[in-house]
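A.B. asks: Below is the structure I would like to discuss, written out as structure tokens.
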Amino acid sequence: MIGQYLTEEHRECDEIYAKVEKAVSQENWEEAQKLFEEFADKTILHFRKEEEVLFPAFEEKTGITMGPTQVMRYEHAQARDLIDKMAQALKDKDKDTFLSAGESLMILIQQHNMKEEQILYPMTEQHLDPEEMVAKMSELK
Ligand SMILES: [Fe+2]
Ligand SMILES: [Fe+2]
């Protein structure tokens, strides 16, 4: 349930990014800006659900604070930096910088998501109450 809920969000973000990439490639800047904002907002909200609800609950329950959750937090920070770089590139209508940062972000995110989906989410499901976790994550706006 935790895995399904968060994996669906991974897919949603991937789908929106594909649209962003297309709009930027076509230099359709207005559409690109709108879609990019949607992508960035959804991605950051997803990170917050993990950082503010799921990871602390997992750490508290298992006592594992220096393991996978720390790695995930570090990768979120790297992703945020790339998103900031992309926002600036979009402002500057700098297609090449945007697309190259976007490619780095997608590589980072695909590897990150795979680790969460295959390792971390199943671990959280073993230790936490899935319904409670999903309810708490859904409250974040
Ligand atoms: Fe994550
Ligand atoms: Fe995630």
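We label chains A, B, ... in the order they appear in the structure tokens, count residues from 1 in each chain, and number ligands from 1 in the order shown.
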Need the shell around range 43-60 of chain A: protein/DNA/RNA residues with any atom at most 9 Å away, counting only C-alpha atoms. Skip same-chain ones fewer than 4 positions apart. Format as a list of chain:residue names?
C.D. replies: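 Final neighbour list, sorted by chain and number: A:Leu6, A:Glu9, A:His10, A:Cys13, A:Glu38, A:Phe39, A:Ile64, A:Thr65, A:Met66, A:Thr69, A:Gln70, A:Met72, A:Arg73, A:His76, A:Arg80, A:Met123, A:Thr124, A:His127, A:Leu128, A:Met133, A:Val134, A:Lys136, A:Met137, A:Ser138, A:Leu140, A:Lys141.
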A.B. asks: Compare A:Glu27, A:Glu132, A:Asp96, A:Glu116 by their minimum atom-to-atom distance to ligand 1, counting only C-alpha atoms and all ligand atoms, and give me the closest one.
C.D. replies: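 Looking only at the distances to ligand 1, the closest residue turns out to be A:Glu116.
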A.B. asks: Given only C-alpha atoms and all ligand atoms as the basis, pick out the residue of A:Glu75, A:Glu37, A:Asp92, A:Glu131 nearest to ligand 2.
C.D. replies: A:Glu75
A.B. asks: Just checking: using only C-alpha atoms, which residue out of A:Ser100, A:Gln110, A:Gln126, A:Thr7 ends up closest to Glu21 in chain A?
C.D. replies: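 Nearest to Glu21 in chain A: A:Ser100.
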A.B. asks: Can you work out which one of A:Ala32, A:Ile109, A:Ile16, A:Leu82 has the shortest atom-to-atom distance to ligand 1, counting only C-alpha atoms and all ligand atoms?
C.D. replies: A:Ile109
A.B. asks: Can you work out the spacing between CA of Lys93 in chain A and CA of Tyr74 in chain A in Å, to one decimal?
C.D. replies: 28.8 Å
A.B. asks: Return the single residue from A:Gly63, A:Gly102, A:Pro122, A:Pro68 that is closest to ligand 1, with distances computed using only C-alpha atoms and all ligand atoms.
C.D. replies: A:Pro68
A.B. asks: Mind pulling up the distance from CA of Lys34 in chain A to CA of Glu12 in chain A?
C.D. replies: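 CA of Lys34 in chain A lies 15.7 Å from CA of Glu12 in chain A.
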A.B. asks: Between A:Lys42, A:Leu120, A:Ala89, A:Gln33, single out the one closest to Glu8 in chain A, counting only C-alpha atoms.
C.D. replies: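 Comparing A:Lys42, A:Leu120, A:Ala89, A:Gln33 against Glu8 in chain A, the winner is A:Lys42.
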